[in-house]
Structures are given as structure tokens and as C-alpha cells.
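What follows is the content of input.pdb, which has PDB, C-alpha atoms:
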ATOM      1  CA  MET A   1      -9.563   6.272 -16.451
ATOM      2  CA  THR A   2     -11.102   9.196 -14.675
ATOM      3  CA  GLY A   3     -12.532   9.929 -11.265
ATOM      4  CA  SER A   4     -11.832   8.001  -8.096
ATOM      5  CA  ARG A   5     -11.646   4.689  -9.994
ATOM      6  CA  GLY A   6      -8.458   5.997 -11.599
ATOM      7  CA  GLY A   7      -6.739   5.941  -8.213
ATOM      8  CA  VAL A   8      -6.557   3.616  -5.268
ATOM      9  CA  LEU A   9      -9.278   1.131  -6.175
ATOM     10  CA  GLU A  10      -8.104   0.720  -9.763
ATOM     11  CA  LEU A  11      -4.557   0.053  -8.561
ATOM     12  CA  ALA A  12      -5.800  -2.409  -5.934
ATOM     13  CA  VAL A  13      -7.888  -4.352  -8.460
ATOM     14  CA  LEU A  14      -5.192  -4.499 -11.138
ATOM     15  CA  GLY A  15      -2.518  -5.368  -8.582
ATOM     16  CA  SER A  16      -4.626  -8.159  -7.106
ATOM     17  CA  LEU A  17      -5.390  -9.642 -10.526
ATOM     18  CA  HIS A  18      -1.719  -9.436 -11.433
ATOM     19  CA  GLU A  19      -1.090 -12.045  -8.736
ATOM     20  CA  THR A  20      -3.720 -14.456 -10.054
ATOM     21  CA  PRO A  21      -7.101 -14.456 -11.849
ATOM     22  CA  LEU A  22      -9.956 -14.194  -9.343
ATOM     23  CA  HIS A  23     -13.715 -14.490  -9.368
ATOM     24  CA  GLY A  24     -15.754 -11.665  -7.885
ATOM     25  CA  TYR A  25     -16.111 -13.084  -4.380
ATOM     26  CA  GLU A  26     -12.386 -13.863  -4.092
ATOM     27  CA  LEU A  27     -11.541 -10.397  -5.368
ATOM     28  CA  ARG A  28     -13.890  -8.781  -2.848
ATOM     29  CA  LYS A  29     -12.267 -10.725  -0.005
ATOM     30  CA  ARG A  30      -8.764  -9.791  -1.130
ATOM     31  CA  LEU A  31      -9.642  -6.115  -1.534
ATOM     32  CA  ASN A  32     -11.344  -6.060   1.836
ATOM     33  CA  THR A  33      -8.177  -7.413   3.435
ATOM     34  CA  LEU A  34      -5.959  -5.020   1.507
ATOM     35  CA  LEU A  35      -8.002  -1.828   1.462
ATOM     36  CA  GLY A  36      -9.588  -2.359   4.844
ATOM     37  CA  MET A  37      -6.193  -1.825   6.430
ATOM     38  CA  PHE A  38      -5.883   1.653   4.992
ATOM     39  CA  ARG A  39      -9.314   3.043   4.088
ATOM     40  CA  ALA A  40     -13.018   2.325   4.100
ATOM     41  CA  PHE A  41     -13.899  -0.024   1.244
ATOM     42  CA  SER A  42     -17.322   0.109  -0.345
ATOM     43  CA  TYR A  43     -18.445  -2.992  -2.227
ATOM     44  CA  GLY A  44     -20.771  -0.724  -4.183
ATOM     45  CA  SER A  45     -17.744   0.876  -5.834
ATOM     46  CA  LEU A  46     -16.133  -2.409  -6.914
ATOM     47  CA  TYR A  47     -18.439  -3.506  -9.711
ATOM     48  CA  PRO A  48     -18.568  -0.098 -11.464
ATOM     49  CA  CYS A  49     -14.776  -0.190 -11.314
ATOM     50  CA  LEU A  50     -14.718  -3.671 -12.852
ATOM     51  CA  ARG A  51     -17.109  -2.606 -15.625
ATOM     52  CA  GLY A  52     -14.861   0.328 -16.436
ATOM     53  CA  LEU A  53     -11.765  -1.858 -16.520
ATOM     54  CA  LEU A  54     -13.583  -4.325 -18.778
ATOM     55  CA  ASN A  55     -14.621  -1.534 -21.139
ATOM     56  CA  ASP A  56     -11.060  -0.234 -21.259
ATOM     57  CA  GLY A  57      -9.734  -3.699 -22.096
ATOM     58  CA  PHE A  58      -7.588  -3.927 -18.966
ATOM     59  CA  ILE A  59      -9.334  -7.062 -17.709
ATOM     60  CA  VAL A  60     -11.492  -9.780 -19.265
ATOM     61  CA  GLU A  61     -14.191 -12.079 -17.937
ATOM     62  CA  GLU A  62     -13.671 -15.790 -18.331
ATOM     63  CA  GLU A  63     -16.460 -18.276 -17.671
ATOM     64  CA  PRO A  64     -15.173 -21.788 -16.973
ATOM     65  CA  PRO A  65     -16.845 -24.706 -18.786
ATOM     66  CA  GLN A  66     -20.045 -26.080 -17.320
ATOM     67  CA  ASP A  67     -19.510 -28.384 -14.379
ATOM     68  CA  THR A  68     -20.706 -31.713 -15.725
ATOM     69  CA  VAL A  69     -21.006 -33.219 -12.246
ATOM     70  CA  LEU A  70     -22.988 -30.486 -10.575
ATOM     71  CA  GLY A  71     -24.767 -29.404 -13.718
ATOM     72  CA  ARG A  72     -24.032 -25.725 -13.161
ATOM     73  CA  ARG A  73     -21.565 -23.135 -14.340
ATOM     74  CA  SER A  74     -18.710 -21.914 -12.152
ATOM     75  CA  LYS A  75     -18.375 -18.276 -11.235
ATOM     76  CA  ILE A  76     -16.976 -15.775 -13.733
ATOM     77  CA  VAL A  77     -13.248 -15.191 -13.300
ATOM     78  CA  TYR A  78     -11.563 -11.828 -13.926
ATOM     79  CA  ARG A  79      -8.152 -11.926 -15.585
ATOM     80  CA  LEU A  80      -5.632  -9.190 -16.304
ATOM     81  CA  THR A  81      -4.884  -8.553 -19.997
ATOM     82  CA  ALA A  82      -1.591  -7.436 -21.530
ATOM     83  CA  GLU A  83      -3.022  -3.913 -21.689
ATOM     84  CA  GLY A  84      -3.985  -4.230 -18.021
ATOM     85  CA  LYS A  85      -0.415  -5.167 -17.104
ATOM     86  CA  GLU A  86       0.820  -2.084 -18.937
ATOM     87  CA  ARG A  87      -1.748   0.077 -17.111
ATOM     88  CA  LEU A  88      -0.698  -1.415 -13.772
ATOM     89  CA  GLN A  89       2.938  -0.624 -14.471
ATOM     90  CA  GLU A  90       1.957   2.911 -15.485
ATOM     91  CA  LEU A  91       0.194   3.390 -12.138
ATOM     92  CA  LEU A  92       3.082   1.851 -10.216
ATOM     93  CA  ASN A  93       5.563   4.183 -11.904
ATOM     94  CA  GLN A  94       3.717   7.261 -10.657
ATOM     95  CA  SER A  95       5.570   8.836  -7.753
ATOM     96  CA  GLY A  96       4.012  12.282  -7.439
ATOM     97  CA  PRO A  97       2.471  13.814  -4.306
ATOM     98  CA  SER A  98      -0.728  11.759  -4.608
ATOM     99  CA  SER A  99       1.274   8.574  -3.935
ATOM    100  CA  TRP A 100       2.473   9.943  -0.586
ATOM    101  CA  GLU A 101      -0.938  10.792   0.838
ATOM    102  CA  ASP A 102      -2.757   8.823   3.537
ATOM    103  CA  GLU A 103      -5.370   7.681   1.002
ATOM    104  CA  SER A 104      -2.936   5.926  -1.318
ATOM    105  CA  PHE A 105       0.424   5.359   0.372
ATOM    106  CA  GLY A 106      -0.541   2.083   2.055
ATOM    107  CA  ILE A 107      -1.780   0.576  -1.218
ATOM    108  CA  ARG A 108       1.311   1.739  -3.087
ATOM    109  CA  PHE A 109       3.470   0.170  -0.389
ATOM    110  CA  ALA A 110       1.534  -3.110  -0.592
ATOM    111  CA  PHE A 111       2.631  -3.446  -4.245
ATOM    112  CA  PHE A 112       6.221  -2.286  -3.782
ATOM    113  CA  ARG A 113       7.475  -5.712  -4.908
ATOM    114  CA  HIS A 114       6.198  -4.802  -8.399
ATOM    115  CA  THR A 115       7.608  -1.252  -8.272
ATOM    116  CA  GLU A 116      10.954  -0.033  -9.592
ATOM    117  CA  ALA A 117      13.573   0.729  -6.928
ATOM    118  CA  GLU A 118      13.891   4.406  -7.886
ATOM    119  CA  VAL A 119      10.139   4.892  -7.678
ATOM    120  CA  ARG A 120       9.967   3.140  -4.304
ATOM    121  CA  LEU A 121      12.628   5.449  -2.929
ATOM    122  CA  ARG A 122      10.930   8.600  -4.255
ATOM    123  CA  ILE A 123       7.628   7.557  -2.697
ATOM    124  CA  LEU A 124       9.227   6.764   0.664
ATOM    125  CA  GLU A 125      11.126  10.048   0.713
ATOM    126  CA  GLY A 126       8.027  11.970  -0.333
ATOM    127  CA  ARG A 127       5.969  10.301   2.391
ATOM    128  CA  ARG A 128       8.618  11.137   4.980
ATOM    129  CA  SER A 129       8.732  14.763   3.858
ATOM    130  CA  ARG A 130       4.936  15.005   4.068
ATOM    131  CA  LEU A 131       4.903  13.558   7.596
ATOM    132  CA  GLU A 132       7.730  15.824   8.747
ATOM    133  CA  GLU A 133       5.655  18.802   7.611
ATOM    134  CA  ARG A 134       2.726  17.379   9.560
ATOM    135  CA  LEU A 135       4.910  16.961  12.639
ATOM    136  CA  ASP A 136       5.950  20.603  12.497
ATOM    137  CA  ARG A 137       2.329  21.719  12.297
ATOM    138  CA  VAL A 138       1.200  19.453  15.147
ATOM    139  CA  ARG A 139       4.068  20.535  17.405
ATOM    140  CA  GLU A 140       3.393  24.196  16.704
ATOM    141  CA  ALA A 141      -0.339  23.789  17.379
ATOM    142  CA  LEU A 142       0.369  21.849  20.555
ATOM    143  CA  SER A 143       2.702  24.488  21.891
ATOM    144  CA  ARG A 144       0.114  27.214  21.237
ATOM    145  CA  THR A 145      -2.856  25.422  22.766
ATOM    146  CA  ARG A 146      -1.267  23.325  25.524
ATOM    147  CA  GLU A 147      -2.456  25.611  28.328
ATOM    148  CA  ARG A 148      -6.035  25.659  27.040
ATOM    149  CA  LEU A 149      -6.476  21.908  26.594
ATOM    150  CA  ASP A 150      -7.879  19.534  29.181
ATOM    151  CA  SER A 151      -5.747  16.526  30.095
ATOM    152  CA  TYR A 152      -7.625  14.066  27.855
ATOM    153  CA  THR A 153      -7.455  16.239  24.750
ATOM    154  CA  LEU A 154      -3.795  16.865  25.460
ATOM    155  CA  GLU A 155      -3.121  13.131  25.674
ATOM    156  CA  LEU A 156      -4.959  12.614  22.381
ATOM    157  CA  GLN A 157      -2.751  15.254  20.747
ATOM    158  CA  ARG A 158       0.356  13.577  22.155
ATOM    159  CA  HIS A 159      -0.818  10.188  20.923
ATOM    160  CA  GLY A 160      -1.234  11.572  17.397
ATOM    161  CA  LEU A 161       2.192  13.174  17.577
ATOM    162  CA  GLU A 162       3.839   9.946  18.724
ATOM    163  CA  SER A 163       2.103   7.970  15.956
ATOM    164  CA  VAL A 164       3.522  10.261  13.281
ATOM    165  CA  GLU A 165       6.963  10.176  14.895
ATOM    166  CA  ARG A 166       6.905   6.354  14.834
ATOM    167  CA  GLU A 167       6.015   6.321  11.147
ATOM    168  CA  VAL A 168       8.841   8.753  10.371
ATOM    169  CA  ARG A 169      11.310   6.478  12.184
ATOM    170  CA  TRP A 170       9.940   3.490  10.252
ATOM    171  CA  LEU A 171      10.324   5.363   6.966
ATOM    172  CA  ASN A 172      13.895   6.303   7.862
ATOM    173  CA  GLU A 173      14.699   2.611   8.335
ATOM    174  CA  LEU A 174      13.060   1.659   5.037
ATOM    175  CA  ILE A 175      14.828   4.442   3.137
ATOM    176  CA  ASP A 176      18.214   3.473   4.591
ATOM    177  CA  SER A 177      17.570  -0.159   3.716
ATOM    178  CA  GLU A 178      16.501   0.712   0.161
ATOM    179  CA  ARG A 179      19.699   2.681  -0.339
ATOM    180  CA  ARG A 180      21.844  -0.144   1.040
ATOM    181  CA  SER A 181      20.067  -2.653  -1.207
ATOM    182  CA  ARG A 182      20.777  -0.505  -4.257
ATOM    183  CA  SER A 183      24.461  -0.015  -3.422
ATOM    184  CA  ALA A 184      25.289  -3.526  -2.170
ATOM    185  CA  PRO A 185      27.194  -5.497  -4.864
ATOM    186  CA  GLY A 186      26.658  -9.143  -5.735
ATOM    187  CA  GLU A 187      23.254  -9.669  -4.194
ATOM    188  CA  GLY A 188      22.049 -11.780  -7.115
ATOM    189  CA  ASP A 189      18.813 -11.562  -9.043
ATOM    190  CA  HIS A 190      16.575 -11.605  -5.971
ATOM    191  CA  PRO A 191      18.004  -9.377  -3.223
ATOM    192  CA  ARG A 192      16.036  -9.193  -0.018
ATOM    193  CA  GLY A 193      13.594  -6.321   0.153
ATOM    194  CA  PRO A 194      13.947  -3.407   2.564
ATOM    195  CA  ALA A 195      10.970  -4.476   4.650
ATOM    196  CA  GLN A 196      12.586  -7.899   5.115
ATOM    197  CA  ALA A 197      15.889  -6.281   6.045
ATOM    198  CA  VAL A 198      14.246  -4.039   8.645
ATOM    199  CA  GLN A 199      12.345  -7.015  10.070
ATOM    200  CA  GLU A 200      15.533  -9.087  10.316
ATOM    201  CA  GLU A 201      17.402  -6.252  12.029
ATOM    202  CA  THR A 202      14.547  -5.842  14.516
ATOM    203  CA  GLN A 203      14.511  -9.575  15.239
ATOM    204  CA  ARG A 204      18.277  -9.575  15.844
ATOM    205  CA  ALA A 205      17.941  -6.642  18.214
ATOM    206  CA  ASP A 206      15.245  -8.484  20.158
ATOM    207  CA  THR A 207      17.151 -11.786  20.347
ATOM    208  CA  PRO A 208      19.254 -12.313  23.515
ATOM    209  CA  GLU A 209      22.941 -12.556  22.709
ATOM    210  CA  ALA A 210      23.163 -16.038  24.255
ATOM    211  CA  ASP A 211      20.554 -17.331  21.774
ATOM    212  CA  ARG A 212      22.285 -16.066  18.666
TER     213      ARG A 212
END

Write the structure described by the file as C-alpha cells, please.
Amino acid sequence: MTGSRGGVLELAVLGSLHETPLHGYELRKRLNTLLGMFRAFSYGSLYPCLRGLLNDGFIVEEEPPQDTVLGRRSKIVYRLTAEGKERLQELLNQSGPSSWEDESFGIRFAFFRHTEAEVRLRILEGRRSRLEERLDRVREALSRTRERLDSYTLELQRHGLESVEREVRWLNELIDSERRSRSAPGEGDHPRGPAQAVQEETQRADTPEADR
């Protein structure tokens, strides 16, 4: 696993196939939904990635039996192998700086349900630290150039600053929820995830007291 395939796209493919076997068109649709939220997705990069995963033994192609009614074969289905599941877990256990970056954080977060709690927390804390550094740089640059910027450029700078501040607040909520989930006793085998806890707290805050 080398090059760009060893990163975001490989994780997205293996994670998608971990949910269920998919044929190429279904996989393309799922990746477009998943990756399109966070980065530009090139279909031209998918099939080289699949060939590499096939060669490495992480996935296999399965061709269903011939359709006796229609007289044609169904589309080839890609399925994750045992080695592929091990590779997926290896990728999910990585929590270094690359997992905090804009390019990969969204995809890592999308598969948090398959990620160990300690790794989730390290990634969230690393992402927050990275964004706090970015905030410091943006604030410093804004203070230096404020007088030289026209009103529209200044508003664009403020918009970027507010976007990062919102994400930091969101990360703070997720980190607090992760820590509470880890320390809360007797939650059973399937405790609610931090994202669910944050969503429920937000919904309670938005619900009028008379309706509760």
C-alpha cells in the first residue's frame, strides 16, 4: 500500500465494503456520497485502487450465477476478505497527524463507529489542536492586515475565522461526550455514541420547556 491509494480512498473503500459487499456502481455511489462531502472524488482513481486491493488480497471479486430468466450475468460484486478486515482495522487504529488533517479527518470520523475509543479521542484532540493553531494564525494575520483590507475581503476573513471557531466548539462537545461515555458506568454493551449524545443535548436545548 503506497501512494495516495494508501490513504483516504483506500480507507473509504475498505470501510464501505466492511458494511456490505457492493458491485462497482453501488460502490461508486457510496463513495461519491461519502467522499464528496469532504474532498473531490475522481472516478478515475477508484478502479486502480480496486485493482491494487485485489492484488493485495484485501478484497475479492465475486460474480453471481447467470440469471436464468434474463439470460445474462449480474454485475461483479466486491467483498472484503479477512485480510482486508485486518487492513481496515490497521488503518482505523492510526491516530497520527495525518488523521487530523482536512484531507482525511472527515473520512476517519465517518468510520468512528468501527474505531477504538482511545483512538477516537486522540484524533479528536489532535484535530482540535490543529484548528486552534490555525485560529491563532488567522487572528494574527487579521490583526496585521485589517487596515489594508477592503470590506469584502475582511468579511471573507471573518467568515473563515468563524467557521474554524464553530468546528472547535463542536470538537469540544464531542471530546467531552467521549470522555463521559468512557467514564460512565453500567451503560451496557452498546452505549450511545458521542455524536448521538451531542445531538440529543442540542435537541433538548431547542425544545421549549412546556413541550418536554

Residue nearest Arg182 (chain A) among A:Val60, A:Glu86, A:Leu46, A:Glu116 (counting only C-alpha atoms):
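Of A:Val60, A:Glu86, A:Leu46, A:Glu116, the one nearest Arg182 (chain A) is A:Glu116, counting only C-alpha atoms.
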
CA of Leu34 (chain A) to CA of Glu103 (chain A), straight-line distance in Å
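It comes out at 12.7 Å.
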
Expressed in Å to a single decimal, how great is the separation between CA of Leu149 (chain A) and CA of Glu162 (chain A)?
17.6 Å

Which residues, written as a PDB file with C-alpha atoms, keeping the file's coordinate frame, have at least one atom at most 9 Å from Leu22 (chain A), with all atoms listed in the file counted and residues fewer than 2 positions away on the same chain left out?
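around.pdb, freshly written:
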ATOM      1  CA  SER A  16      -4.626  -8.159  -7.106  1.00  0.00           C
ATOM      2  CA  LEU A  17      -5.390  -9.642 -10.526  1.00  0.00           C
ATOM      3  CA  THR A  20      -3.720 -14.456 -10.054  1.00  0.00           C
ATOM      4  CA  GLY A  24     -15.754 -11.665  -7.885  1.00  0.00           C
ATOM      5  CA  TYR A  25     -16.111 -13.084  -4.380  1.00  0.00           C
ATOM      6  CA  GLU A  26     -12.386 -13.863  -4.092  1.00  0.00           C
ATOM      7  CA  LEU A  27     -11.541 -10.397  -5.368  1.00  0.00           C
ATOM      8  CA  ILE A  76     -16.976 -15.775 -13.733  1.00  0.00           C
ATOM      9  CA  VAL A  77     -13.248 -15.191 -13.300  1.00  0.00           C
ATOM     10  CA  TYR A  78     -11.563 -11.828 -13.926  1.00  0.00           C
ATOM     11  CA  ARG A  79      -8.152 -11.926 -15.585  1.00  0.00           C
TER      12      ARG A  79
END

For CA of Leu171 (chain A) and CA of Arg28 (chain A), quote the distance in Å rounded to one decimal.
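About the pair CA of Leu171 (chain A) and CA of Arg28 (chain A): they are 29.7 Å apart.
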
Choose the residue, out of A:His159, A:His23, A:Arg148, A:Arg169, that has the smallest atom-to-atom separation from Glu132 (chain A); count all atoms listed in the file.
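The shortest atom-to-atom distance to Glu132 (chain A) comes from A:Arg169.
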
Which residue, A:Glu61, A:Leu121, A:Ser99, A:Leu91, has the smallest gap to Ser181 (chain A) when you use only C-alpha atoms?
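Looking at the shortest contact to Ser181 (chain A), the residue is A:Leu121.
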
Explicit residues for the PyMOL selection byres ((chain A and resi 165) around 12) (as a ChimeraX atom specification)
/A:128,131-136,138-139,158-164,166-172

Closest to Arg120 (chain A) among A:Thr145, A:Ser177, A:Thr153, A:Thr81, using all atoms listed in the file?
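Using all atoms listed in the file, Arg120 (chain A) sits closest to A:Ser177.
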
I want to know what sits within 9 Å of Ala12 (chain A), based on only C-alpha atoms, with residues of the same chain fewer than 4 positions away left out; could you give that as a PyMOL selection string?
chain A and resi 7-8+16-17+31+34-35+107-108+111

Find the spatial neighbours of Arg122 (chain A), counting all atoms listed in the file, within a cut-off of 8 Å - ignore same-chain residues fewer than 4 positions away - and output them as a VMD selection string.
chain A and resid 95 118 126

Listed atoms of region 160-167 of chain A boxed axis-aligned with 6 Å per side, centre + edges as AutoDock Vina command-line options:
--center_x 2.9 --center_y 9.7 --center_z 14.9 --size_x 20.2 --size_y 18.9 --size_z 19.6

In terms of only C-alpha atoms, the residue from A:Glu173, A:Arg179, A:Asp56, A:Leu92 at minimal distance from Ala110 (chain A) is A:Leu92

Could you check which of A:Ser98, A:Asp150, A:Gly52, A:Leu174 is closest to Phe112 (chain A), using all atoms listed in the file?
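Closest residue, counting all atoms listed in the file: A:Leu174.
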